[in-house]
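Asker: You'll find input31.cif just under this line, and it carries mmCIF, C-alpha atoms.
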```
data_start
#
loop_
_atom_site.label_atom_id
_atom_site.label_comp_id
_atom_site.auth_asym_id
_atom_site.auth_seq_id
_atom_site.Cartn_x
_atom_site.Cartn_y
_atom_site.Cartn_z
CA MET A 1 64.95 84.24 46.29
CA ALA A 2 61.96 83.21 44.25
CA GLY A 3 62.76 80.30 41.99
CA PRO A 4 65.79 79.74 39.80
CA SER A 5 66.62 82.81 37.74
CA HIS A 6 67.04 81.04 34.42
CA ALA A 7 63.84 79.03 34.63
CA HIS A 8 61.62 81.65 33.04
CA LYS A 9 61.77 82.78 29.45
CA GLU A 10 65.15 83.99 28.33
CA PHE A 11 65.86 85.87 25.14
CA GLY A 12 68.06 84.30 22.48
CA PRO A 13 69.96 85.43 19.37
CA VAL A 14 66.78 85.72 17.28
CA GLN A 15 65.18 88.20 19.66
CA TYR A 16 68.41 90.19 19.98
CA LEU A 17 68.72 90.44 16.20
CA LEU A 18 65.13 91.67 16.00
CA VAL A 19 65.77 94.37 18.60
CA TRP A 20 68.93 95.36 16.73
CA ALA A 21 67.01 95.65 13.44
CA VAL A 22 64.35 97.85 15.07
CA LEU A 23 67.12 100.04 16.55
CA LEU A 24 68.65 100.49 13.09
CA VAL A 25 65.27 101.37 11.57
CA LEU A 26 64.68 103.95 14.32
CA THR A 27 68.16 105.43 13.71
CA ALA A 28 67.35 105.75 10.00
CA ALA A 29 64.02 107.34 10.93
CA THR A 30 65.76 109.99 13.09
CA VAL A 31 68.07 110.94 10.24
CA ALA A 32 65.17 110.93 7.75
CA VAL A 33 63.14 113.28 9.96
CA TRP A 34 66.16 115.56 10.33
CA LYS A 35 66.27 115.94 6.51
CA THR A 36 62.67 117.16 6.35
CA HIS A 37 61.78 120.76 7.11
CA MET A 38 59.58 120.35 10.11
CA SER A 39 59.20 123.11 12.66
CA TYR A 40 61.77 123.56 15.41
CA GLY A 41 59.55 122.19 18.16
CA ALA A 42 58.35 119.25 16.08
CA ARG A 43 61.90 118.19 15.23
CA ILE A 44 62.98 118.24 18.88
CA THR A 45 59.87 116.32 19.92
CA VAL A 46 60.26 113.64 17.24
CA ALA A 47 64.02 113.23 17.78
CA LEU A 48 63.67 112.89 21.56
CA THR A 49 60.70 110.52 21.24
CA ILE A 50 62.67 108.23 18.91
CA ALA A 51 65.74 108.42 21.17
CA THR A 52 63.63 107.50 24.20
CA ALA A 53 62.12 104.55 22.32
CA LYS A 54 65.59 103.33 21.35
CA ALA A 55 66.88 103.73 24.91
CA GLY A 56 63.84 101.80 26.16
CA LEU A 57 64.57 98.91 23.79
CA VAL A 58 68.22 98.79 24.87
CA ALA A 59 67.34 98.92 28.58
CA LEU A 60 64.51 96.38 28.42
CA PHE A 61 66.07 93.76 26.15
CA PHE A 62 69.83 94.21 25.85
CA MET A 63 70.13 95.16 29.53
CA HIS A 64 67.65 92.47 30.59
CA LEU A 65 65.28 94.71 32.54
CA TRP A 66 62.39 92.84 30.88
CA GLU A 67 63.52 89.50 32.31
CA HIS A 68 65.21 90.48 35.55
CA GLY A 69 63.06 93.41 36.57
CA GLY A 70 62.40 93.62 40.27
CA VAL A 71 64.59 95.95 42.25
CA ASN A 72 66.73 96.78 39.19
CA ARG A 73 63.72 98.40 37.54
CA LEU A 74 63.12 100.40 40.71
CA VAL A 75 66.73 101.65 40.66
CA MET A 76 66.42 102.68 36.99
CA ALA A 77 63.03 104.32 37.56
CA THR A 78 64.41 106.28 40.52
CA SER A 79 67.33 107.60 38.52
CA LEU A 80 64.97 108.56 35.66
CA LEU A 81 62.80 110.43 38.16
CA PHE A 82 65.80 112.53 39.15
CA VAL A 83 66.70 113.09 35.50
CA VAL A 84 63.23 114.53 34.90
CA LEU A 85 63.32 116.59 38.11
CA LEU A 86 66.72 118.13 37.35
CA ILE A 87 66.15 118.98 33.69
CA GLY A 88 62.48 119.94 34.19
CA LEU A 89 62.93 122.23 37.17
CA VAL A 90 66.06 123.93 35.85
CA LEU A 91 64.36 124.61 32.50
CA ALA A 92 61.23 125.85 34.28
CA ASP A 93 63.44 128.25 36.23
CA ASN A 94 65.02 129.65 33.07
CA ALA A 95 61.71 129.85 31.22
CA THR A 96 60.02 131.87 33.95
CA ARG A 97 62.75 134.43 34.61
CA PHE A 98 62.14 138.00 33.59
CA GLN A 99 64.09 138.82 30.48
CA TYR A 100 67.14 140.59 31.82
CA ALA A 101 67.94 137.82 34.29
CA ASN A 102 69.14 135.70 31.37
CA PRO A 103 72.38 136.36 29.42
CA PRO A 104 72.40 139.07 26.73
CA TYR A 105 71.08 138.08 23.29
CA SER A 106 69.56 134.92 24.69
CA GLU A 107 66.06 133.69 23.87
CA SER A 108 65.95 136.03 20.88
CA TRP A 109 65.24 135.02 17.31
CA SER A 110 65.30 138.50 15.80
CA GLU A 111 67.57 140.63 17.93
CA VAL A 112 70.82 138.73 17.52
CA PRO A 113 73.32 141.50 16.66
CA PHE A 114 75.01 139.70 13.79
CA ARG A 115 75.24 136.25 12.37
CA VAL A 116 77.73 134.92 9.89
CA VAL A 117 76.17 132.21 7.77
CA PRO A 118 78.58 129.35 7.05
CA PRO A 119 79.54 129.24 3.35
CA PRO A 120 78.66 126.07 1.46
CA MET A 121 81.32 123.35 1.38
CA GLN A 122 84.14 123.89 -1.14
CA ASP A 123 83.00 127.47 -1.62
CA GLN A 124 86.00 129.75 -1.13
CA SER A 125 84.07 133.01 -1.20
CA PRO A 126 84.10 134.97 2.05
CA PRO A 127 81.11 134.38 4.29
CA SER A 128 78.23 136.74 3.84
CA ILE A 129 77.31 138.87 6.80
CA GLU A 130 73.62 139.28 7.38
CA ALA A 131 72.41 142.67 8.40
CA PRO A 132 70.80 142.45 11.80
CA ALA A 133 67.05 142.35 11.68
CA ALA A 134 65.55 145.48 13.10
CA PRO A 135 64.36 144.83 16.62
CA LYS A 136 60.59 144.78 16.72
CA ARG A 137 59.43 145.20 20.24
CA HIS A 138 56.55 146.78 22.07
CA MET B 139 73.72 75.39 51.48
CA GLN B 140 77.05 74.37 52.96
CA ALA B 141 77.47 71.66 50.37
CA GLU B 142 76.77 74.13 47.59
CA ALA B 143 79.21 76.66 49.02
CA ALA B 144 81.92 74.06 49.26
CA GLY B 145 81.44 73.01 45.64
CA THR B 146 81.39 76.47 44.05
CA PRO B 147 84.72 78.32 43.93
CA ASN B 148 83.14 81.55 42.66
CA LEU B 149 80.82 81.95 45.64
CA ALA B 150 81.89 84.47 48.27
CA HIS B 151 81.45 83.13 51.79
CA HIS B 152 78.84 85.72 52.83
CA PHE B 153 76.32 84.66 50.17
CA PRO B 154 74.16 81.58 50.72
CA SER B 155 73.96 80.76 47.01
CA LEU B 156 75.43 81.71 43.65
CA GLU B 157 72.03 82.95 42.60
CA GLN B 158 71.74 85.41 45.45
CA GLN B 159 75.28 86.55 44.78
CA GLU B 160 74.34 87.21 41.16
CA HIS B 161 71.23 89.17 42.15
CA ALA B 162 73.25 91.32 44.56
CA ALA B 163 75.97 91.96 41.98
CA ARG B 164 73.40 92.91 39.37
CA MET B 165 71.66 95.35 41.69
CA GLY B 166 75.00 96.89 42.66
CA MET B 167 75.76 97.39 38.98
CA TRP B 168 72.39 99.07 38.39
CA LEU B 169 73.04 101.41 41.32
CA PHE B 170 76.39 102.32 39.78
CA LEU B 171 74.79 102.81 36.36
CA SER B 172 72.19 105.13 37.87
CA THR B 173 74.98 107.33 39.24
CA GLU B 174 76.50 107.33 35.75
CA ILE B 175 73.15 108.38 34.28
CA LEU B 176 72.96 111.25 36.79
CA LEU B 177 76.54 112.28 35.97
CA PHE B 178 75.57 112.67 32.32
CA THR B 179 72.24 114.24 33.31
CA VAL B 180 74.10 117.26 34.67
CA LEU B 181 75.61 117.80 31.22
CA PHE B 182 72.27 117.18 29.51
CA THR B 183 70.76 119.81 31.82
CA ALA B 184 73.46 122.31 30.88
CA TYR B 185 72.72 121.52 27.24
CA ALA B 186 68.97 122.03 27.77
CA VAL B 187 69.52 125.39 29.47
CA TYR B 188 71.86 126.80 26.84
CA ARG B 189 69.81 125.40 23.99
CA PHE B 190 66.81 127.15 25.54
CA LEU B 191 68.74 130.40 25.91
CA PHE B 192 70.43 130.33 22.49
CA PRO B 193 68.10 128.49 20.08
CA VAL B 194 69.55 130.16 16.98
CA GLY B 195 73.20 129.75 17.96
CA PHE B 196 72.72 126.08 18.79
CA GLU B 197 70.76 125.32 15.64
CA ASP B 198 73.40 126.93 13.43
CA ALA B 199 76.35 125.42 15.33
CA SER B 200 74.91 121.90 15.16
CA LYS B 201 75.01 122.21 11.36
CA LEU B 202 78.81 122.16 11.71
CA ALA B 203 78.70 118.66 13.23
CA HIS B 204 79.53 115.80 10.88
CA VAL B 205 76.21 113.99 10.60
CA ALA B 206 77.50 111.14 8.41
CA MET B 207 80.21 110.24 10.92
CA GLY B 208 77.81 110.65 13.84
CA ALA B 209 75.23 108.39 12.19
CA THR B 210 77.89 105.81 11.34
CA ASN B 211 79.04 105.85 14.96
CA THR B 212 75.44 105.35 16.11
CA VAL B 213 75.16 102.23 13.96
CA VAL B 214 78.57 101.05 15.20
CA LEU B 215 77.59 101.39 18.86
CA ILE B 216 74.15 99.79 18.38
CA THR B 217 75.75 96.84 16.60
CA SER B 218 78.36 96.55 19.35
CA SER B 219 75.51 96.41 21.87
CA LEU B 220 74.11 93.49 19.91
CA THR B 221 77.43 91.63 19.97
CA VAL B 222 77.74 92.19 23.73
CA ALA B 223 74.20 90.93 24.30
CA LEU B 224 75.06 87.81 22.28
CA ALA B 225 78.34 87.40 24.20
CA ILE B 226 76.37 87.32 27.48
CA TYR B 227 73.92 84.84 25.97
CA TYR B 228 76.70 82.45 24.92
CA ALA B 229 78.53 82.89 28.22
CA ARG B 230 75.38 81.64 29.97
CA GLN B 231 75.27 78.69 27.57
CA GLY B 232 78.82 77.86 28.60
CA GLU B 233 80.20 78.53 25.10
CA SER B 234 83.29 80.49 26.08
CA ARG B 235 84.90 80.59 22.63
CA LYS B 236 81.90 82.35 21.10
CA THR B 237 81.88 84.73 24.07
CA VAL B 238 85.53 85.63 23.53
CA ALA B 239 85.01 86.15 19.78
CA LEU B 240 81.94 88.36 20.28
CA LEU B 241 83.68 90.42 22.96
CA ALA B 242 86.66 90.91 20.63
CA ILE B 243 84.29 92.13 17.89
CA THR B 244 82.69 94.50 20.38
CA ILE B 245 86.07 95.96 21.37
CA ALA B 246 86.89 96.38 17.67
CA PHE B 247 83.63 98.31 17.19
CA GLY B 248 84.62 100.49 20.14
CA ALA B 249 87.94 101.19 18.43
CA VAL B 250 86.16 102.11 15.18
CA PHE B 251 83.97 104.50 17.16
CA MET B 252 86.98 106.20 18.75
CA VAL B 253 88.82 106.53 15.43
CA LEU B 254 85.80 108.17 13.76
CA LYS B 255 85.42 110.44 16.77
CA GLY B 256 89.10 111.32 16.44
CA PHE B 257 88.58 112.37 12.81
CA GLU B 258 85.67 114.57 13.87
CA TYR B 259 87.71 116.18 16.64
CA TYR B 260 90.58 116.75 14.21
CA HIS B 261 88.29 118.58 11.76
CA HIS B 262 86.83 120.75 14.52
CA PHE B 263 90.33 121.59 15.82
CA VAL B 264 91.59 122.53 12.36
CA GLU B 265 88.57 124.73 11.71
CA GLY B 266 88.91 126.47 15.07
CA GLN B 267 85.56 125.14 16.28
CA LEU B 268 86.74 124.92 19.86
CA PRO B 269 85.15 125.40 23.27
CA GLY B 270 84.55 128.78 24.85
CA LYS B 271 87.13 131.51 24.28
CA TYR B 272 89.23 129.26 22.02
CA TYR B 273 86.48 129.25 19.39
CA HIS B 274 87.80 131.13 16.36
CA PHE B 275 85.89 129.74 13.36
CA GLU B 276 85.06 132.68 11.11
CA GLY B 277 82.36 130.88 9.15
CA LEU B 278 79.95 131.13 12.05
CA GLN B 279 79.93 133.67 14.84
CA GLY B 280 77.16 134.61 17.19
CA PRO B 281 75.79 134.25 20.71
CA GLY B 282 75.71 130.69 21.98
CA VAL B 283 77.84 129.18 19.21
CA SER B 284 80.98 128.71 21.30
CA MET B 285 78.77 127.37 24.10
CA TYR B 286 77.54 124.66 21.76
CA PHE B 287 81.13 123.55 21.19
CA THR B 288 81.93 123.71 24.90
CA LEU B 289 79.08 121.27 25.53
CA TYR B 290 79.88 119.25 22.40
CA PHE B 291 83.42 118.55 23.59
CA LEU B 292 82.42 118.02 27.23
CA MET B 293 79.65 115.56 26.40
CA THR B 294 81.36 113.61 23.62
CA GLY B 295 84.64 113.75 25.56
CA LEU B 296 83.16 112.25 28.73
CA HIS B 297 81.33 109.71 26.59
CA GLY B 298 84.57 108.86 24.77
CA ILE B 299 86.32 108.26 28.09
CA HIS B 300 83.49 105.86 28.95
CA VAL B 301 83.96 104.05 25.63
CA LEU B 302 87.68 103.61 26.43
CA ILE B 303 86.93 102.34 29.95
CA GLY B 304 84.27 100.01 28.53
CA MET B 305 86.78 98.61 26.04
CA GLY B 306 89.19 97.97 28.92
CA VAL B 307 86.51 96.25 31.01
CA LEU B 308 85.42 94.07 28.10
CA ALA B 309 89.05 93.16 27.34
CA TRP B 310 89.48 92.02 30.93
CA VAL B 311 86.24 90.01 30.77
CA ALA B 312 87.30 88.48 27.44
CA ALA B 313 90.66 87.48 28.90
CA ARG B 314 88.90 85.76 31.80
CA ALA B 315 86.50 84.03 29.41
CA ALA B 316 89.45 82.82 27.34
CA ARG B 317 91.04 81.48 30.53
CA GLY B 318 87.89 79.45 31.13
CA ASP B 319 86.66 81.30 34.24
CA PHE B 320 83.01 81.25 33.18
CA SER B 321 80.52 78.45 32.90
CA ARG B 322 76.77 77.85 32.78
CA SER B 323 76.56 78.47 36.53
CA TYR B 324 78.82 81.53 36.73
CA SER B 325 79.06 84.34 34.15
CA THR B 326 78.30 87.42 36.26
CA PRO B 327 81.33 89.51 35.15
CA VAL B 328 80.34 89.11 31.49
CA GLU B 329 76.86 90.37 32.29
CA LEU B 330 78.03 93.33 34.38
CA GLY B 331 80.68 94.38 31.84
CA GLY B 332 77.99 94.13 29.18
CA LEU B 333 75.64 96.33 31.22
CA TYR B 334 78.33 99.02 31.34
CA TRP B 335 78.78 98.83 27.57
CA HIS B 336 75.03 99.11 26.99
CA LEU B 337 74.97 102.23 29.15
CA VAL B 338 77.63 103.79 26.91
CA ASP B 339 75.36 102.99 23.95
CA LEU B 340 72.36 104.41 25.80
CA ILE B 341 74.07 107.76 26.38
CA TRP B 342 75.14 107.98 22.74
CA ILE B 343 71.56 107.31 21.59
CA PHE B 344 70.67 110.67 23.18
CA LEU B 345 73.88 112.50 22.29
CA PHE B 346 73.55 111.80 18.57
CA PRO B 347 70.23 113.60 17.87
CA LEU B 348 70.91 116.37 20.39
CA LEU B 349 74.36 117.31 19.09
CA TYR B 350 74.17 116.39 15.41
CA LEU B 351 70.59 116.66 14.23
CA LEU B 352 68.73 119.38 16.12
#
```
Show me this structure written as structure tokens.
Answerer:
Amino acid sequence: MAGPSHAHKEFGPVQYLLVWAVLLVLTAATVAVWKTHMSYGARITVALTIATAKAGLVALFFMHLWEHGGVNRLVMATSLLFVVLLIGLVLADNATRFQYANPPYSESWSEVPFRVVPPPMQDQSPPSIEAPAAPKRH
Amino acid sequence: MQAEAAGTPNLAHHFPSLEQQEHAARMGMWLFLSTEILLFTVLFTAYAVYRFLFPVGFEDASKLAHVAMGATNTVVLITSSLTVALAIYYARQGESRKTVALLAITIAFGAVFMVLKGFEYYHHFVEGQLPGKYYHFEGLQGPGVSMYFTLYFLMTGLHGIHVLIGMGVLAWVAARAARGDFSRSYSTPVELGGLYWHLVDLIWIFLFPLLYLL
């Protein structure tokens, strides 16, 4: 054991309040971005980036990885490696299948047979049924 | 070493010092938390696959989630993480009364979270926005929509169970703190219980954008 554990810098209430404030700002930012009309890919990227930043703050400061580090960081990093492997490889598998190996109507933006658009809140009129867009292929 | 062991009631006989005992306990907790992360990762993977396969269905279905309640719950959990972090800080300072008060506030935040979640579940049940074949909401039909709700209930349900367990763990830690079990030299259970609570917050930080916003 190298030295007493509490000898080096330890975070106090001021630092915790700062981290908390940043977390709240990031939460507001996620909701603000959601209200804009960015593209599908951009929204997913921004939302996941903000979530990862928030998770990093919680892990480093609230969960003391910044101060304690050492083998605990290694454990966390190892589990994150497996998170990336599992999600990454499974998605890569699905993305590289030939079309009919995936469930019917999947991966399609235009060939969905029918969609019922939810009526606005408090609107009692029956939901409108969109005519299916004509499949444009080949 | 022997003198220290004799004078410290919280030290198990197979550890040479309280400090080494604390390090070992902390690492054991991180190992457990990593298995928890991987447990949720399986569900996140299922979400990624079905979101990839049904982008339209998932985008439309997520509009049925109650963003205001989800956002409120995010703030509630983040604030409860703050109170737990402060509880650990004061436990290390030997200020047990502050620790007990902060842990009680944290448990109350957990209860607020569960009540809001209950309201959300109630609305989804009433509307027929249920998992798999039980989905019968007429306002939105289409491929992938019922799958969204299957994953919604699985992920928030498993997370909710973790919130309840976390509240139980923190209540036990608070009771011990109130009994005067912790001091400047020994507050490991407060820290480990807090780590579990932070993990619950960590999972929700990802669940909120994925299920409510995207």
Asker: If you measure from atom CA of B:Asn211 to atom CA of B:Leu292, what distance in Å do you get, rounded to one decimal?
Answerer: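 These two atoms are separated by 17.6 Å.
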Asker: Closest to B:Gly266 among B:Leu348, B:Ala316, B:Leu278, B:His300, using all atoms listed in the file?
Answerer: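 Among the listed residues, B:Leu278 lies closest to B:Gly266.
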Asker: Mind pulling up the distance from atom CA of B:Leu181 to atom CA of A:Leu89?
Answerer: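 Computed distance, atom CA of A:Leu89 to atom CA of B:Leu181, equals 14.7 Å.
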Asker: For chain B, which residue out of A:Gly70, A:Pro13, A:Gln99, A:Leu65 is the nearest one, using all atoms listed in the file?
Answerer: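 Among the listed residues, the smallest separation from chain B belongs to A:Pro13.
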Asker: List the residues selected by the PyMOL selection byres ((chain A and resi 51) around 12) in the file shown, writing them as an NGL selection string.
Answerer: (:A and (23-31 or 44-50 or 52-58)) or (:B and (212 or 339-348 or 351))
Asker: Convert the current residue selection to file output with C-alpha atoms, as a CSV table (one decimal), in the frame of the given file.
Answerer:
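out-v7.csv, freshly written:
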```csv
chain,number,residue,atom,x,y,z
A,23,LEU,CA,67.1,100.0,16.6
A,24,LEU,CA,68.6,100.5,13.1
A,25,VAL,CA,65.3,101.4,11.6
A,26,LEU,CA,64.7,104.0,14.3
A,27,THR,CA,68.2,105.4,13.7
A,28,ALA,CA,67.4,105.8,10.0
A,29,ALA,CA,64.0,107.3,10.9
A,30,THR,CA,65.8,110.0,13.1
A,31,VAL,CA,68.1,110.9,10.2
A,44,ILE,CA,63.0,118.2,18.9
A,45,THR,CA,59.9,116.3,19.9
A,46,VAL,CA,60.3,113.6,17.2
A,47,ALA,CA,64.0,113.2,17.8
A,48,LEU,CA,63.7,112.9,21.6
A,49,THR,CA,60.7,110.5,21.2
A,50,ILE,CA,62.7,108.2,18.9
A,52,THR,CA,63.6,107.5,24.2
A,53,ALA,CA,62.1,104.6,22.3
A,54,LYS,CA,65.6,103.3,21.4
A,55,ALA,CA,66.9,103.7,24.9
A,56,GLY,CA,63.8,101.8,26.2
A,57,LEU,CA,64.6,98.9,23.8
A,58,VAL,CA,68.2,98.8,24.9
B,212,THR,CA,75.4,105.4,16.1
B,339,ASP,CA,75.4,103.0,24.0
B,340,LEU,CA,72.4,104.4,25.8
B,341,ILE,CA,74.1,107.8,26.4
B,342,TRP,CA,75.1,108.0,22.7
B,343,ILE,CA,71.6,107.3,21.6
B,344,PHE,CA,70.7,110.7,23.2
B,345,LEU,CA,73.9,112.5,22.3
B,346,PHE,CA,73.6,111.8,18.6
B,347,PRO,CA,70.2,113.6,17.9
B,348,LEU,CA,70.9,116.4,20.4
B,351,LEU,CA,70.6,116.7,14.2
```
Asker: Take the PyMOL selection byres ((chain B) within 7 of (chain A)), apply it to the structure above, and return the hits as JSON, numbers by chain.
Answerer: {"B": [158, 165, 168, 169, 172, 176, 179, 183, 187, 190, 191, 192, 193, 194, 213, 217, 220, 223, 224, 227, 277, 278, 279, 280, 281, 333, 336, 340, 343, 344, 347, 351, 352]}
Asker: In file coordinates, which residues lie within 12 Å of (82.5, 123.7, 24.2) using all atoms listed in the file, given as a count of residues only?
Answerer: 33
Asker: Run through the PyMOL selection byres ((chain B and resi 254) around 12) on the given coordinates and return the selected residues as an MDAnalysis selection string.
Answerer: chainID B and resid 204:212 214:215 247:253 255:261 298
Asker: Mind giving me the straight-line distance from atom CA of B:Gly166 to atom CA of B:His297 in Å, one decimal?
Answerer: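 Taking atom CA of B:Gly166 as the start and atom CA of B:His297 as the end point, the length is 21.5 Å.
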Asker: How would you write as a PDB file with C-alpha atoms, in the frame of the given file the residues that get within 12 Å of (75.7, 85.8, 27.2) in the file's frame, counting only C-alpha atoms?
Answerer:
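In the end it all went to part.pdb:
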```pdb
ATOM      1  CA  GLU A  10      65.150  83.990  28.330  1.00  0.00           C
ATOM      2  CA  PHE A  11      65.860  85.870  25.140  1.00  0.00           C
ATOM      3  CA  GLY A  12      68.060  84.300  22.480  1.00  0.00           C
ATOM      4  CA  PRO A  13      69.960  85.430  19.370  1.00  0.00           C
ATOM      5  CA  TYR A  16      68.410  90.190  19.980  1.00  0.00           C
ATOM      6  CA  PHE A  62      69.830  94.210  25.850  1.00  0.00           C
ATOM      7  CA  MET A  63      70.130  95.160  29.530  1.00  0.00           C
ATOM      8  CA  HIS A  64      67.650  92.470  30.590  1.00  0.00           C
TER       9      HIS A  64
ATOM     10  CA  SER B 219      75.510  96.410  21.870  1.00  0.00           C
ATOM     11  CA  LEU B 220      74.110  93.490  19.910  1.00  0.00           C
ATOM     12  CA  THR B 221      77.430  91.630  19.970  1.00  0.00           C
ATOM     13  CA  VAL B 222      77.740  92.190  23.730  1.00  0.00           C
ATOM     14  CA  ALA B 223      74.200  90.930  24.300  1.00  0.00           C
ATOM     15  CA  LEU B 224      75.060  87.810  22.280  1.00  0.00           C
ATOM     16  CA  ALA B 225      78.340  87.400  24.200  1.00  0.00           C
ATOM     17  CA  ILE B 226      76.370  87.320  27.480  1.00  0.00           C
ATOM     18  CA  TYR B 227      73.920  84.840  25.970  1.00  0.00           C
ATOM     19  CA  TYR B 228      76.700  82.450  24.920  1.00  0.00           C
ATOM     20  CA  ALA B 229      78.530  82.890  28.220  1.00  0.00           C
ATOM     21  CA  ARG B 230      75.380  81.640  29.970  1.00  0.00           C
ATOM     22  CA  GLN B 231      75.270  78.690  27.570  1.00  0.00           C
ATOM     23  CA  GLY B 232      78.820  77.860  28.600  1.00  0.00           C
ATOM     24  CA  GLU B 233      80.200  78.530  25.100  1.00  0.00           C
ATOM     25  CA  SER B 234      83.290  80.490  26.080  1.00  0.00           C
ATOM     26  CA  ARG B 235      84.900  80.590  22.630  1.00  0.00           C
ATOM     27  CA  LYS B 236      81.900  82.350  21.100  1.00  0.00           C
ATOM     28  CA  THR B 237      81.880  84.730  24.070  1.00  0.00           C
ATOM     29  CA  VAL B 238      85.530  85.630  23.530  1.00  0.00           C
ATOM     30  CA  ALA B 239      85.010  86.150  19.780  1.00  0.00           C
ATOM     31  CA  LEU B 240      81.940  88.360  20.280  1.00  0.00           C
ATOM     32  CA  LEU B 241      83.680  90.420  22.960  1.00  0.00           C
ATOM     33  CA  VAL B 311      86.240  90.010  30.770  1.00  0.00           C
ATOM     34  CA  ALA B 312      87.300  88.480  27.440  1.00  0.00           C
ATOM     35  CA  ALA B 315      86.500  84.030  29.410  1.00  0.00           C
ATOM     36  CA  PHE B 320      83.010  81.250  33.180  1.00  0.00           C
ATOM     37  CA  SER B 321      80.520  78.450  32.900  1.00  0.00           C
ATOM     38  CA  ARG B 322      76.770  77.850  32.780  1.00  0.00           C
ATOM     39  CA  SER B 323      76.560  78.470  36.530  1.00  0.00           C
ATOM     40  CA  TYR B 324      78.820  81.530  36.730  1.00  0.00           C
ATOM     41  CA  SER B 325      79.060  84.340  34.150  1.00  0.00           C
ATOM     42  CA  THR B 326      78.300  87.420  36.260  1.00  0.00           C
ATOM     43  CA  PRO B 327      81.330  89.510  35.150  1.00  0.00           C
ATOM     44  CA  VAL B 328      80.340  89.110  31.490  1.00  0.00           C
ATOM     45  CA  GLU B 329      76.860  90.370  32.290  1.00  0.00           C
ATOM     46  CA  LEU B 330      78.030  93.330  34.380  1.00  0.00           C
ATOM     47  CA  GLY B 331      80.680  94.380  31.840  1.00  0.00           C
ATOM     48  CA  GLY B 332      77.990  94.130  29.180  1.00  0.00           C
ATOM     49  CA  LEU B 333      75.640  96.330  31.220  1.00  0.00           C
TER      50      LEU B 333
END
```
Asker: Output requested as a PDB file, in the frame of the given file - stretch 15-29 of chain A, filled out with N, CA and C atoms.
Answerer:
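Result written to part_5.pdb:
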```pdb
ATOM      1  N   GLN A  15      65.790  87.005  19.083  1.00  0.00           N
ATOM      2  CA  GLN A  15      65.180  88.200  19.660  1.00  0.00           C
ATOM      3  C   GLN A  15      66.153  89.379  19.647  1.00  0.00           C
ATOM      4  N   TYR A  16      67.430  89.098  19.967  1.00  0.00           N
ATOM      5  CA  TYR A  16      68.410  90.190  19.980  1.00  0.00           C
ATOM      6  C   TYR A  16      68.583  90.793  18.595  1.00  0.00           C
ATOM      7  N   LEU A  17      68.593  89.928  17.563  1.00  0.00           N
ATOM      8  CA  LEU A  17      68.720  90.440  16.200  1.00  0.00           C
ATOM      9  C   LEU A  17      67.521  91.296  15.824  1.00  0.00           C
ATOM     10  N   LEU A  18      66.337  90.879  16.274  1.00  0.00           N
ATOM     11  CA  LEU A  18      65.130  91.670  16.000  1.00  0.00           C
ATOM     12  C   LEU A  18      65.239  93.055  16.625  1.00  0.00           C
ATOM     13  N   VAL A  19      65.632  93.086  17.906  1.00  0.00           N
ATOM     14  CA  VAL A  19      65.770  94.370  18.600  1.00  0.00           C
ATOM     15  C   VAL A  19      66.788  95.251  17.867  1.00  0.00           C
ATOM     16  N   TRP A  20      67.881  94.621  17.452  1.00  0.00           N
ATOM     17  CA  TRP A  20      68.930  95.360  16.730  1.00  0.00           C
ATOM     18  C   TRP A  20      68.373  95.962  15.444  1.00  0.00           C
ATOM     19  N   ALA A  21      67.592  95.164  14.690  1.00  0.00           N
ATOM     20  CA  ALA A  21      67.010  95.650  13.440  1.00  0.00           C
ATOM     21  C   ALA A  21      66.091  96.843  13.701  1.00  0.00           C
ATOM     22  N   VAL A  22      65.260  96.731  14.750  1.00  0.00           N
ATOM     23  CA  VAL A  22      64.350  97.850  15.070  1.00  0.00           C
ATOM     24  C   VAL A  22      65.171  99.090  15.425  1.00  0.00           C
ATOM     25  N   LEU A  23      66.274  98.905  16.175  1.00  0.00           N
ATOM     26  CA  LEU A  23      67.120 100.040  16.550  1.00  0.00           C
ATOM     27  C   LEU A  23      67.698 100.718  15.308  1.00  0.00           C
ATOM     28  N   LEU A  24      68.102  99.911  14.324  1.00  0.00           N
ATOM     29  CA  LEU A  24      68.650 100.490  13.090  1.00  0.00           C
ATOM     30  C   LEU A  24      67.575 101.261  12.336  1.00  0.00           C
ATOM     31  N   VAL A  25      66.368 100.690  12.267  1.00  0.00           N
ATOM     32  CA  VAL A  25      65.270 101.370  11.570  1.00  0.00           C
ATOM     33  C   VAL A  25      64.981 102.712  12.250  1.00  0.00           C
ATOM     34  N   LEU A  26      64.963 102.710  13.595  1.00  0.00           N
ATOM     35  CA  LEU A  26      64.680 103.950  14.320  1.00  0.00           C
ATOM     36  C   LEU A  26      65.788 104.984  14.084  1.00  0.00           C
ATOM     37  N   THR A  27      67.054 104.506  13.998  1.00  0.00           N
ATOM     38  CA  THR A  27      68.160 105.430  13.710  1.00  0.00           C
ATOM     39  C   THR A  27      67.961 106.062  12.332  1.00  0.00           C
ATOM     40  N   ALA A  28      67.611 105.225  11.342  1.00  0.00           N
ATOM     41  CA  ALA A  28      67.350 105.750  10.000  1.00  0.00           C
ATOM     42  C   ALA A  28      66.197 106.749  10.038  1.00  0.00           C
ATOM     43  N   ALA A  29      65.177 106.452  10.838  1.00  0.00           N
ATOM     44  CA  ALA A  29      64.020 107.340  10.930  1.00  0.00           C
ATOM     45  C   ALA A  29      64.433 108.707  11.486  1.00  0.00           C
TER      46      ALA A  29
END
```
